[in-house]
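Notes for the one structure printed next.
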Amino acid sequence: MSRRFLPVLWAFTLLLLMMQVPALAATYVVSPFSVTGAKGYSYLGQAVPSMLTSRLYLQGRFEPVERQDAALKEKTPASTSAAQSMGRKFGADYVVWGGITVMGDQASLDVNVLSPNGKVWKESSTSSVNALIGGLQAVADSINIEVFGRTDVSRSSASAARPAGAPAAPSSAFVVNESHGRVEGDTYLNPSLRYQGTESERAQIRSQMINFECLGMEVADINGDGKNEVLLLSPNSVNAYVWKNGNRLVEIGEYRFPSSMRPVLVRHYKQDGKNYVVLSGFDEGTFNPYSQVLSFANGKFSVVVKSVDRYLNVVKTPPLYSPVLVMQEGDRSKGVRGPIYEARIKGDDVIRNGKLSNLPRQATLFNFSWIPADRGRQGDHLALIAENETLLTFDAHGKRLAGTEDVYGGSSVYLVGDRGLGSIAMPTDSTDQVLHYVPMRMSVVDLDHDGRYELIANKPITTAGKLFTNYRTYPQGEIHAMLWNGMGMELLWKTRRIKGTVCDVAVVDVDNNGKTDLVVAVNSYGGVASGLKTRCAVYMYPLDTTMVNARPNYQE
């Protein structure tokens, strides 16, 4: 054989040998999952990783680390850096970790995957507890396709997994008023509105769980960029987010409160073309009002007004129904006292303007919403959450017209007072303290543009709350839309039961797609004995009013 052909032969032989040596498989490690919910579901912390491990396996290409069983004895990574440490400890290319939240019969699955390039992929799934395996399969399919880049996997279909002949799950998260039989033919959310066919074909979309207790929420354009941001209020900070990728809240800024400040609400207010963030709260040392005004630009909060010794809020008042900044003095025996005044931001201070008129004596700056008169008619109405949390209705002159037996607007946000000592002395013992709960706001909107305005209010669902005045960790709630019918507030529609404690409600385009959404902030409480931290999430219900073709009959 000629010498010049030997190198070619050797190269060809080497290539054949290399083809026979299998490539090393990429490895992954799955950590235990954190579990928030009743103690009986703690087994999911080990069961879910085991199921994920098997669903991600592809021999020769993607395999779990040899010490996967040992990894299940580790703690769930609390951060990306902790996940990186776990990956190095077990020699894994990918690290999978996450958490499960169980509220009632609903389970939420949050999964994170750390890739070799340091990027973190995230996915969330919400389903009933009984359908958790289906949601887990969907997440595993997404990891295989989007993270591992596999082409041999197709996404699971919920309809394909349903047994033949079984009814499909309801497509809507809303139910109509059960006490009225006005709906004929197709199912409507209410007689005036038909909600159907959102882009995602999902009637309820939930953000990821966020690791703090939410005291309040605001959705507004706080920086003037033409798009709405989400503000979530916690005991220690206000955090700004944007809604992205269908169900993700991406943080864009944070403001930490002064150590002595306890906040009770956050609102957006626009004055002279400038956007402001209004914070109202109290001093935890003196229990006196302590409010602030901020601005937000370039991802940073700036203090405009450092301290105001009044409670602040933003309300809509007749006849123009444009947002108005209001203030009221504090009183430890009653929470607030005296008239409610319009206010204005001037330099580094908030100054008082004229007094609001035609308010009933029960009104505080926290507990009422004006309802415009029906189109073509005169006479606005005022809805008010009373001290016992029933819903009262008044005419435009402050005369009471009606009231409910059911309670509305219940929240866990409070002002601290004392037992009759007034605004001079301070309570010297915790047994002298009284908590004055701040009702949740009520939105007033005309969703179907028929000239009648609906009142949107939270209705907490609880048994213990009826027995214990200070019981505020409501296990579930509903959002009700009501209409004044001349005799009282009539229920038009309501959401299905929301598992967890509703902490705020808004009607606004949260994801900036040009369509109005019902936005609900919800807390999940682990309980004192569980050692689990309170977390919150934001639910979005897309409202499609483009198919409205019915009119209610109010002449029953």
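Chains: A, B, ... in order of the structure tokens. Residues: from 1 per chain. Ligands: from 1, in order shown.
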**Prompt:** Do you know which residues are at most 12 Å from region 391-398 of chain A counting only C-alpha atoms, after dropping those on the same chain fewer than 2 positions away, and could you put them as a PyMOL selection string?
**Reply:** chain A and resi 317-319+356-363+367-373+378-389+400-410+439-440+442+455-459+482-490
**Prompt:** Gln208 (chain A): which residues within 12 Å, counting only C-alpha atoms, same-chain residues fewer than 3 positions away excluded, as number ranges by chain?
**Reply:** A: 98-101, 108-112, 122-126, 205, 211, 243-251, 521-522, 535-540
Write out, as a tab-separated table (two decimals), in the first residue's frame, the residues just selected, with N, CA, C and O atoms.
chain	number	residue	atom	x	y	z
A	98	GLY	N	-38.53	24.10	42.75
A	98	GLY	CA	-39.76	24.88	42.71
A	98	GLY	C	-40.61	24.69	43.94
A	98	GLY	O	-40.13	24.29	45.00
A	99	GLY	N	-41.90	24.97	43.80
A	99	GLY	CA	-42.81	24.89	44.94
A	99	GLY	C	-44.23	24.58	44.51
A	99	GLY	O	-44.62	24.79	43.35
A	100	ILE	N	-45.01	24.07	45.46
A	100	ILE	CA	-46.42	23.75	45.24
A	100	ILE	C	-47.24	24.50	46.28
A	100	ILE	O	-46.90	24.48	47.47
A	101	THR	N	-48.30	25.17	45.84
A	101	THR	CA	-49.21	25.84	46.75
A	101	THR	C	-50.59	25.23	46.61
A	101	THR	O	-51.13	25.16	45.50
A	108	SER	N	-51.21	24.97	42.75
A	108	SER	CA	-50.37	25.76	41.86
A	108	SER	C	-48.95	25.22	41.90
A	108	SER	O	-48.40	25.00	42.98
A	109	LEU	N	-48.38	25.01	40.74
A	109	LEU	CA	-47.04	24.44	40.61
A	109	LEU	C	-46.13	25.46	39.96
A	109	LEU	O	-46.40	25.94	38.85
A	110	ASP	N	-45.05	25.84	40.64
A	110	ASP	CA	-44.05	26.77	40.12
A	110	ASP	C	-42.73	26.03	39.98
A	110	ASP	O	-42.22	25.49	40.97
A	111	VAL	N	-42.18	25.99	38.77
A	111	VAL	CA	-40.97	25.22	38.49
A	111	VAL	C	-39.90	26.13	37.89
A	111	VAL	O	-40.19	26.97	37.03
A	112	ASN	N	-38.66	25.96	38.35
A	112	ASN	CA	-37.50	26.68	37.83
A	112	ASN	C	-36.47	25.68	37.32
A	112	ASN	O	-36.28	24.62	37.93
A	122	LYS	N	-38.54	29.49	33.78
A	122	LYS	CA	-39.59	29.36	34.79
A	122	LYS	C	-40.91	29.02	34.13
A	122	LYS	O	-41.20	29.46	33.01
A	123	GLU	N	-41.72	28.24	34.83
A	123	GLU	CA	-43.03	27.84	34.33
A	123	GLU	C	-43.98	27.66	35.51
A	123	GLU	O	-43.57	27.20	36.58
A	124	SER	N	-45.24	28.04	35.32
A	124	SER	CA	-46.26	27.86	36.36
A	124	SER	C	-47.45	27.12	35.79
A	124	SER	O	-47.76	27.23	34.60
A	125	SER	N	-48.11	26.35	36.65
A	125	SER	CA	-49.29	25.60	36.24
A	125	SER	C	-50.28	25.61	37.39
A	125	SER	O	-49.90	25.45	38.55
A	126	THR	N	-51.55	25.83	37.07
A	126	THR	CA	-52.60	25.82	38.07
A	126	THR	C	-53.67	24.81	37.67
A	126	THR	O	-54.09	24.78	36.52
A	205	ILE	N	-56.23	33.65	34.89
A	205	ILE	CA	-54.78	33.55	34.72
A	205	ILE	C	-54.12	34.04	36.00
A	205	ILE	O	-54.44	35.12	36.51
A	211	ASN	N	-43.17	36.23	47.46
A	211	ASN	CA	-42.88	35.89	48.85
A	211	ASN	C	-43.08	37.02	49.84
A	211	ASN	O	-42.16	37.41	50.55
A	243	TRP	N	-46.57	43.22	33.85
A	243	TRP	CA	-47.13	41.90	33.54
A	243	TRP	C	-46.58	41.47	32.18
A	243	TRP	O	-46.80	42.13	31.18
A	244	LYS	N	-45.87	40.35	32.15
A	244	LYS	CA	-45.24	39.89	30.92
A	244	LYS	C	-45.47	38.40	30.70
A	244	LYS	O	-45.78	37.66	31.63
A	245	ASN	N	-45.29	37.99	29.46
A	245	ASN	CA	-45.30	36.57	29.06
A	245	ASN	C	-46.58	35.86	29.48
A	245	ASN	O	-46.57	34.67	29.79
A	246	GLY	N	-47.67	36.59	29.53
A	246	GLY	CA	-48.96	35.96	29.81
A	246	GLY	C	-49.31	35.82	31.26
A	246	GLY	O	-50.46	36.02	31.63
A	247	ASN	N	-48.33	35.49	32.12
A	247	ASN	CA	-48.67	35.28	33.54
A	247	ASN	C	-47.51	35.57	34.48
A	247	ASN	O	-47.47	35.05	35.59
A	248	ARG	N	-46.58	36.42	34.07
A	248	ARG	CA	-45.42	36.71	34.93
A	248	ARG	C	-45.43	38.17	35.37
A	248	ARG	O	-45.68	39.08	34.57
A	249	LEU	N	-45.17	38.39	36.66
A	249	LEU	CA	-44.93	39.73	37.17
A	249	LEU	C	-43.43	39.93	37.27
A	249	LEU	O	-42.75	39.24	38.03
A	250	VAL	N	-42.90	40.85	36.48
A	250	VAL	CA	-41.47	41.12	36.45
A	250	VAL	C	-41.21	42.41	37.23
A	250	VAL	O	-41.72	43.47	36.87
A	251	GLU	N	-40.44	42.31	38.30
A	251	GLU	CA	-40.20	43.47	39.16
A	251	GLU	C	-39.31	44.49	38.47
A	251	GLU	O	-38.29	44.16	37.88
A	521	ALA	N	-55.83	40.61	43.74
A	521	ALA	CA	-54.65	40.20	44.51
A	521	ALA	C	-55.11	39.29	45.65
A	521	ALA	O	-56.09	39.60	46.34
A	522	VAL	N	-54.41	38.17	45.83
A	522	VAL	CA	-54.83	37.14	46.78
A	522	VAL	C	-53.65	36.70	47.64
A	522	VAL	O	-52.55	36.49	47.12
A	535	ARG	N	-47.67	34.15	51.26
A	535	ARG	CA	-47.30	34.57	49.91
A	535	ARG	C	-48.54	35.13	49.21
A	535	ARG	O	-49.66	34.93	49.65
A	536	CYS	N	-48.31	35.81	48.10
A	536	CYS	CA	-49.43	36.40	47.38
A	536	CYS	C	-49.28	36.14	45.89
A	536	CYS	O	-48.20	35.79	45.40
A	537	ALA	N	-50.37	36.31	45.18
A	537	ALA	CA	-50.38	36.18	43.73
A	537	ALA	C	-51.44	37.13	43.20
A	537	ALA	O	-52.32	37.60	43.93
A	538	VAL	N	-51.36	37.42	41.90
A	538	VAL	CA	-52.32	38.29	41.24
A	538	VAL	C	-53.07	37.46	40.19
A	538	VAL	O	-52.45	36.80	39.36
A	539	TYR	N	-54.40	37.49	40.27
A	539	TYR	CA	-55.24	36.79	39.30
A	539	TYR	C	-55.77	37.80	38.28
A	539	TYR	O	-56.16	38.92	38.65
A	540	MET	N	-55.79	37.39	37.01
A	540	MET	CA	-56.34	38.22	35.95
A	540	MET	C	-57.49	37.48	35.29
A	540	MET	O	-57.33	36.34	34.85
**Request:** Extract, using only C-alpha atoms, all DNA, RNA and protein residues at most 9 Å from Lys274 (chain A), discarding same-chain residues fewer than 3 positions from it, and format them as an NGL selection string.
**Result:** :A and (223-224 or 269-271 or 295)
**Prompt:** Residues at most 10 Å from Arg256 (chain A), counting only C-alpha atoms, excluding those fewer than 3 positions away in the same chain, as a VMD selection string?
**Reply:** chain A and resid 234 to 239 259 261 301
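Compared by their closest atoms to Val520 (chain A), and using only C-alpha atoms, the residues A:Lys119, A:Ile252, A:Met327, A:Gly216 rank with A:Gly216 nearest.
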**Prompt:** Which residues, written as a PyMOL selection string, have at least one atom at most 7 Å from Val230 (chain A), with only C-alpha atoms counted and residues fewer than 3 positions away on the same chain left out?
**Reply:** chain A and resi 218-220+240-242
**Prompt:** Which of these residues is nearest to Ser115 (chain A), using only C-alpha atoms: A:Val139, A:Val413, A:Ala83, A:Ile145?
**Reply:**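 Going through A:Val139, A:Val413, A:Ala83, A:Ile145 one by one, the smallest distance to Ser115 (chain A) is for A:Ala83.
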**Message:** Just checking: using only C-alpha atoms, which residue out of A:Val445, A:Gln328, A:Ala481, A:Trp493 ends up closest to Val507 (chain A)?
**Reply:**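 Under the stated criterion, the closest residue is A:Val445.
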